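Report on the following structure.
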Amino acid sequence: MSGASPALVASGPACVALSGGVGGAKLALGLAHVMDPARLLVVANTGDDFEHLGLHVSPDLDTLTYTMAGLANAETGWGRAGETWTFMAALEALGGETWFKLGDGDLATHVERTRRLRAGETLGAITADLSARLGIQARIVPMSDDPVRTIIETKDGESLAFQHYFVRLGCAPQVAAIRFQGAERARPDPVMLAALSEAEVVVICPSNPLISIDPILAVPALRAAIEATSAPVVAVSPIVGGRALKGPTAKMMGELGMAVSADAVAGHYGDLLDGFVLDTADAALADSVRRLGIEVLVADTVMTSLDDRRALARRVLDFATRLGEASAGPQQAQPRT
Ligand code: FO1
């Protein structure tokens with residue numbers, strides 16, 4: 001945003017958002033449109049990352065970056081719009097692995113990220129530079145520069161790297177457990193910890209809680225910083241009317257014995273939350289969420305247009321700000337114990 005007053009920009013991000021894939025990126029874009037984007041820091045899940053064809057692929061970082069840059073493929077929710085597939089066709093002809101589709105433009109991202117990682121740059125530094133080159137003013141930060149890999153333990157005893165479960169096997173295997181390999185040793189970027197200490201609002205975007213948000217919360221110092229922040233923490237339900245809008249969220253929740261409902265997601269995040277945003281279709285669940293000690297906003301959470309994203313972002317920020325003011329009240333806001 002040109003001409004933003006130095007005080008505004010220098011005061012650090014007012015909002016820290018946690019995001020995974022498609023749903024989260026949509027709200028992150030909405031947030032960037034309704035506030036000073038220089039005060040928005042989006043923490044991206046990297047548990048989906050994997051080595052493929054000798055390349056380091058970071059799907060959720062790329063979905064976020066492409067979405068925030070207006071380059072995302074709206075149909076698939078991943079990769080770039082207007083893609084060509086010459087590389088994939090040539091690879092097929094050579095008998096290479098083509099189950100994970102890499103468009104020609106998208107391939108440039110993986111080649112350049114891999115080159116820079118091998119040259120010793122951190123994932124965070126590379127992400128900041130690629131974002132700046134795409135004109136993105138909000139900050140996109142990987143949850144850690146250390147490797148964290150989501151592993152799906154299936155009911156027939158297999159351990160699957162996430163993309164093999166999600167893409168190669170099309171989420172067919174029954175999930176028995178989900179692990180985040182390396183999370184216990186992963187350190188968050190200090191930029192994120194500083195942002196969380198200065199944040200006025202923390203938003204958990206409507207991403208899959210199990211495979212997009214849980215990996216982020218599995219980074220110990222990051223979860224601790226969210227628990228310690230005096231900023232209100234608000235999550236937007238990824239489940240509407242008992243269904244996930246996209247992806248395997250509902251199937252995985254069911255297989256893990258969770259109720260496939262918006263209030264089950266609120267319970268899953270538990271005492272991290274000050275507020276939860278339910279879709280109007282789930283207004284009847286408001287009391288069961290309030291009984292968890294979590295304030296509720298009922299809103300239209302299905303985002304199909306950019307206006308929907310902006311409208312939801314504005315409502316979420318207003319809701320969180322009201323919670324912040326309410327908790328600030330006469331006594332100073334107490335850091336979460
Ligand atoms: N998802 C698919 O279902 N099929 C694909 O071929 C595929 C390729 C792909 C390439 C780059 C990228 O950044 C994402 C890609 N995805 C694909 C989506 C990806 O598996 C998911 O976006 C996340 O890992 C889960 O949100």
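FYI, nothing fancy with the structure tokens labels: chains A, B, ... in order, residues from 1 per chain, ligands from 1 as they appear.
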What are the nearest atom pairs, with distances in Å to one decimal, for all residues of chain A that come at most 9 Å from ligand 1, using only C-alpha atoms and all ligand atoms, set out by chain and rising residue number as CSV?
residue,atom,partner,partner_atom_place_in_ligand_line,distance
A:Gly20,CA,ligand 1,26 (O),6.3
A:Gly21,CA,ligand 1,26 (O),4.1
A:Val22,CA,ligand 1,26 (O),6.5
A:Gly23,CA,ligand 1,26 (O),9.0
A:Thr46,CA,ligand 1,24 (O),8.9
A:Gly47,CA,ligand 1,24 (O),8.4
A:Asp48,CA,ligand 1,24 (O),4.9
A:Asp49,CA,ligand 1,24 (O),7.3
A:Val57,CA,ligand 1,13 (O),6.8
A:Ser58,CA,ligand 1,13 (O),6.1
A:Pro59,CA,ligand 1,13 (O),3.3
A:Asp60,CA,ligand 1,23 (C),5.8
A:Leu61,CA,ligand 1,13 (O),7.6
A:Asp62,CA,ligand 1,13 (O),5.3
A:Thr63,CA,ligand 1,13 (O),5.9
A:Thr76,CA,ligand 1,1 (N),7.6
A:Gly77,CA,ligand 1,22 (O),7.0
A:Trp78,CA,ligand 1,14 (C),4.9
A:Gly79,CA,ligand 1,11 (C),5.2
A:Arg80,CA,ligand 1,11 (C),8.7
A:Thr98,CA,ligand 1,6 (O),8.0
A:Trp99,CA,ligand 1,6 (O),6.0
A:Phe100,CA,ligand 1,6 (O),3.8
A:Lys101,CA,ligand 1,6 (O),3.7
A:Leu102,CA,ligand 1,10 (C),5.2
A:Gly103,CA,ligand 1,10 (C),7.5
A:Asp106,CA,ligand 1,11 (C),6.9
A:Leu107,CA,ligand 1,11 (C),8.3
A:His110,CA,ligand 1,11 (C),8.7
A:Phe162,CA,ligand 1,24 (O),7.4
A:Gln163,CA,ligand 1,20 (O),5.6
A:His164,CA,ligand 1,20 (O),8.7
A:Phe166,CA,ligand 1,20 (O),6.1
A:Val167,CA,ligand 1,3 (O),4.7
A:Arg168,CA,ligand 1,4 (N),7.7
A:Gly170,CA,ligand 1,3 (O),7.1
A:Ser207,CA,ligand 1,26 (O),8.5
A:Asn208,CA,ligand 1,26 (O),8.2
A:Ile211,CA,ligand 1,25 (C),7.9
A:Ser212,CA,ligand 1,26 (O),7.2
A:Gly247,CA,ligand 1,26 (O),7.8
Restrict the calculation to only C-alpha atoms, then for each residue of range 141-243 of chain A with any atom at most 12 Å from an atom of range 128-135 of chain A give the closest atom pair and their distance in Å to one decimal, rows by chain and rising residue number, as a Markdown table.
| residue | atom | partner | partner_atom | distance |
| --- | --- | --- | --- | --- |
| A:Val141 | CA | A:Ala128 | CA | 7.3 |
| A:Pro142 | CA | A:Ala128 | CA | 9.6 |
| A:Val191 | CA | A:Ala128 | CA | 11.5 |
Discussion item. Give me the residues near range 29-42 of chain A as a PyMOL selection string, where near means some atom within 9 Å (using only C-alpha atoms) and where sequence neighbours in that chain fewer than 4 positions away do not count.
Written reply: chain A and resi 1+4+8-19+24-25+64+67-69+136-142+192+195+199+306-314+316-317
Worksheet entry | Surrounding residues of Phe319 in chain A excluding itself and chain neighbours under 6 positions, 9 Å, only C-alpha atoms, as a list in words |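 Contacts, with the query itself left out: Val234, Gly275, Val277, Val296 and Leu297 of chain A.
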Just-selected residues, N, CA and C atoms written as an mmCIF file, in the first residue's frame:
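Below is the file that was written, out00.cif:
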data_model
loop_
_atom_site.group_PDB
_atom_site.id
_atom_site.type_symbol
_atom_site.label_atom_id
_atom_site.label_comp_id
_atom_site.auth_asym_id
_atom_site.auth_seq_id
_atom_site.Cartn_x
_atom_site.Cartn_y
_atom_site.Cartn_z
ATOM 1 N N VAL A 234 -8.938 -16.185 16.880
ATOM 2 C CA VAL A 234 -10.235 -16.503 16.275
ATOM 3 C C VAL A 234 -10.037 -17.496 15.130
ATOM 4 N N GLY A 275 -12.461 -16.983 19.995
ATOM 5 C CA GLY A 275 -13.656 -16.841 19.168
ATOM 6 C C GLY A 275 -13.666 -17.865 18.058
ATOM 7 N N VAL A 277 -15.848 -18.737 14.257
ATOM 8 C CA VAL A 277 -16.795 -18.225 13.263
ATOM 9 C C VAL A 277 -17.505 -19.401 12.613
ATOM 10 N N VAL A 296 -18.819 -16.711 19.826
ATOM 11 C CA VAL A 296 -19.228 -17.161 18.486
ATOM 12 C C VAL A 296 -19.664 -15.995 17.613
ATOM 13 N N LEU A 297 -19.245 -16.051 16.362
ATOM 14 C CA LEU A 297 -19.787 -15.160 15.327
ATOM 15 C C LEU A 297 -20.411 -16.059 14.273
#
Discussion item. Calculated over only C-alpha atoms, which of the candidates A:Thr114, A:Thr122, A:Thr229, A:Thr249 has the smallest distance to Val201 in chain A?
Written reply: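 For Val201 in chain A, the nearest of the given residues is A:Thr229.
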Practice prompt. Find the residue from A:Ala183, A:Leu222, A:Val233, A:Leu273 that sits nearest to Glu200 in chain A; use only C-alpha atoms when measuring.
Written response: A:Val233
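Here CA of Ala284 in chain A is placed at a distance of 19.5 Å from CA of Tyr269 in chain A.
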Fill in: Between CA of Thr65 in chain A and CA of Gly124 in chain A, distance in Å (one decimal)
12.6 Å
Discussion item. Quick check, in Å to one decimal: how far apart do CA of Glu97 in chain A and CA of His52 in chain A lie?
Written reply: 8.9 Å
Discussion item. I need the residue nearest Ala266 in chain A from this list: A:Ala250, A:Leu292, A:Ala89, A:Val219. Use only C-alpha atoms for the distance.
Written reply: A:Leu292
According to DSSP computed on the backbone, where in range 109-171 of chain A is there helix (DSSP H, G or I)? Give the residues as an mmCIF file with N, CA and C atoms, in the first residue's frame.
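Here's the written file selection.cif:
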data_model
loop_
_atom_site.group_PDB
_atom_site.id
_atom_site.type_symbol
_atom_site.label_atom_id
_atom_site.label_comp_id
_atom_site.auth_asym_id
_atom_site.auth_seq_id
_atom_site.Cartn_x
_atom_site.Cartn_y
_atom_site.Cartn_z
ATOM 1 N N THR A 109 9.012 -22.384 -10.189
ATOM 2 C CA THR A 109 9.054 -22.115 -8.738
ATOM 3 C C THR A 109 9.834 -23.213 -8.021
ATOM 4 N N HIS A 110 9.530 -24.470 -8.392
ATOM 5 C CA HIS A 110 10.194 -25.585 -7.682
ATOM 6 C C HIS A 110 11.691 -25.647 -8.026
ATOM 7 N N VAL A 111 12.010 -25.376 -9.283
ATOM 8 C CA VAL A 111 13.432 -25.412 -9.706
ATOM 9 C C VAL A 111 14.213 -24.309 -8.982
ATOM 10 N N GLU A 112 13.645 -23.109 -8.938
ATOM 11 C CA GLU A 112 14.354 -21.969 -8.339
ATOM 12 C C GLU A 112 14.420 -22.115 -6.815
ATOM 13 N N ARG A 113 13.343 -22.581 -6.195
ATOM 14 C CA ARG A 113 13.387 -22.780 -4.741
ATOM 15 C C ARG A 113 14.432 -23.842 -4.384
ATOM 16 N N THR A 114 14.441 -24.939 -5.162
ATOM 17 C CA THR A 114 15.394 -26.028 -4.896
ATOM 18 C C THR A 114 16.833 -25.536 -5.059
ATOM 19 N N ARG A 115 17.071 -24.740 -6.120
ATOM 20 C CA ARG A 115 18.437 -24.218 -6.346
ATOM 21 C C ARG A 115 18.879 -23.385 -5.149
ATOM 22 N N ARG A 116 17.989 -22.525 -4.658
ATOM 23 C CA ARG A 116 18.363 -21.602 -3.580
ATOM 24 C C ARG A 116 18.491 -22.334 -2.238
ATOM 25 N N LEU A 117 17.668 -23.358 -2.029
ATOM 26 C CA LEU A 117 17.818 -24.162 -0.800
ATOM 27 C C LEU A 117 19.174 -24.865 -0.818
ATOM 28 N N ARG A 118 19.532 -25.380 -1.991
ATOM 29 C CA ARG A 118 20.824 -26.099 -2.077
ATOM 30 C C ARG A 118 21.983 -25.133 -1.932
ATOM 31 N N LEU A 123 14.174 -21.486 3.741
ATOM 32 C CA LEU A 123 12.853 -21.477 3.090
ATOM 33 C C LEU A 123 12.186 -20.121 3.310
ATOM 34 N N GLY A 124 12.366 -19.565 4.510
ATOM 35 C CA GLY A 124 11.756 -18.260 4.829
ATOM 36 C C GLY A 124 12.313 -17.143 3.972
ATOM 37 N N ALA A 125 13.647 -17.141 3.788
ATOM 38 C CA ALA A 125 14.270 -16.066 2.992
ATOM 39 C C ALA A 125 13.843 -16.189 1.531
ATOM 40 N N ILE A 126 13.801 -17.407 1.022
ATOM 41 C CA ILE A 126 13.395 -17.636 -0.369
ATOM 42 C C ILE A 126 11.934 -17.196 -0.564
ATOM 43 N N THR A 127 11.071 -17.578 0.398
ATOM 44 C CA THR A 127 9.648 -17.229 0.311
ATOM 45 C C THR A 127 9.455 -15.709 0.313
ATOM 46 N N ALA A 128 10.212 -15.030 1.187
ATOM 47 C CA ALA A 128 10.096 -13.560 1.263
ATOM 48 C C ALA A 128 10.504 -12.942 -0.070
ATOM 49 N N ASP A 129 11.560 -13.470 -0.689
ATOM 50 C CA ASP A 129 12.031 -12.885 -1.946
ATOM 51 C C ASP A 129 11.072 -13.176 -3.091
ATOM 52 N N LEU A 130 10.592 -14.440 -3.162
ATOM 53 C CA LEU A 130 9.655 -14.792 -4.252
ATOM 54 C C LEU A 130 8.371 -13.973 -4.117
ATOM 55 N N SER A 131 7.900 -13.797 -2.863
ATOM 56 C CA SER A 131 6.674 -13.003 -2.642
ATOM 57 C C SER A 131 6.885 -11.560 -3.103
ATOM 58 N N ALA A 132 8.039 -10.999 -2.732
ATOM 59 C CA ALA A 132 8.300 -9.590 -3.097
ATOM 60 C C ALA A 132 8.342 -9.457 -4.615
ATOM 61 N N ARG A 133 8.973 -10.417 -5.280
ATOM 62 C CA ARG A 133 9.063 -10.367 -6.745
ATOM 63 C C ARG A 133 7.689 -10.435 -7.395
ATOM 64 N N PHE A 162 2.689 -37.363 2.984
ATOM 65 C CA PHE A 162 1.401 -36.716 2.752
ATOM 66 C C PHE A 162 0.956 -36.704 1.294
ATOM 67 N N GLN A 163 1.824 -36.265 0.372
ATOM 68 C CA GLN A 163 1.393 -36.147 -1.027
ATOM 69 C C GLN A 163 1.065 -37.505 -1.642
ATOM 70 N N HIS A 164 1.690 -38.540 -1.125
ATOM 71 C CA HIS A 164 1.379 -39.889 -1.633
ATOM 72 C C HIS A 164 -0.024 -40.288 -1.200
ATOM 73 N N TYR A 165 -0.402 -39.916 0.033
ATOM 74 C CA TYR A 165 -1.768 -40.155 0.504
ATOM 75 C C TYR A 165 -2.747 -39.271 -0.284
ATOM 76 N N PHE A 166 -2.422 -37.966 -0.324
ATOM 77 C CA PHE A 166 -3.379 -36.971 -0.806
ATOM 78 C C PHE A 166 -3.562 -37.038 -2.320
ATOM 79 N N VAL A 167 -2.494 -37.170 -3.088
ATOM 80 C CA VAL A 167 -2.550 -37.101 -4.550
ATOM 81 C C VAL A 167 -2.420 -38.490 -5.177
ATOM 82 N N ARG A 168 -1.299 -39.171 -4.866
ATOM 83 C CA ARG A 168 -1.073 -40.449 -5.580
ATOM 84 C C ARG A 168 -2.194 -41.441 -5.257
#
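Taking only range 152-183 of chain A, the residues that DSSP calls strand (DSSP E) from the backbone come to A:Ile152, A:Glu153, A:Thr154, A:Ser159, A:Leu160, A:Ala161, A:Val175, A:Ala176, A:Ala177, A:Ile178, A:Arg179, A:Phe180, A:Gln181.
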Discussion item. Please list as number ranges by chain every residue within 10 Å of Ala231 in chain A, counting only C-alpha atoms and excluding residues in the same chain fewer than 4 positions away.
Written reply: A: 14-16, 196-203, 226-227, 274, 320-321, 323-325, 327-328, 333-336
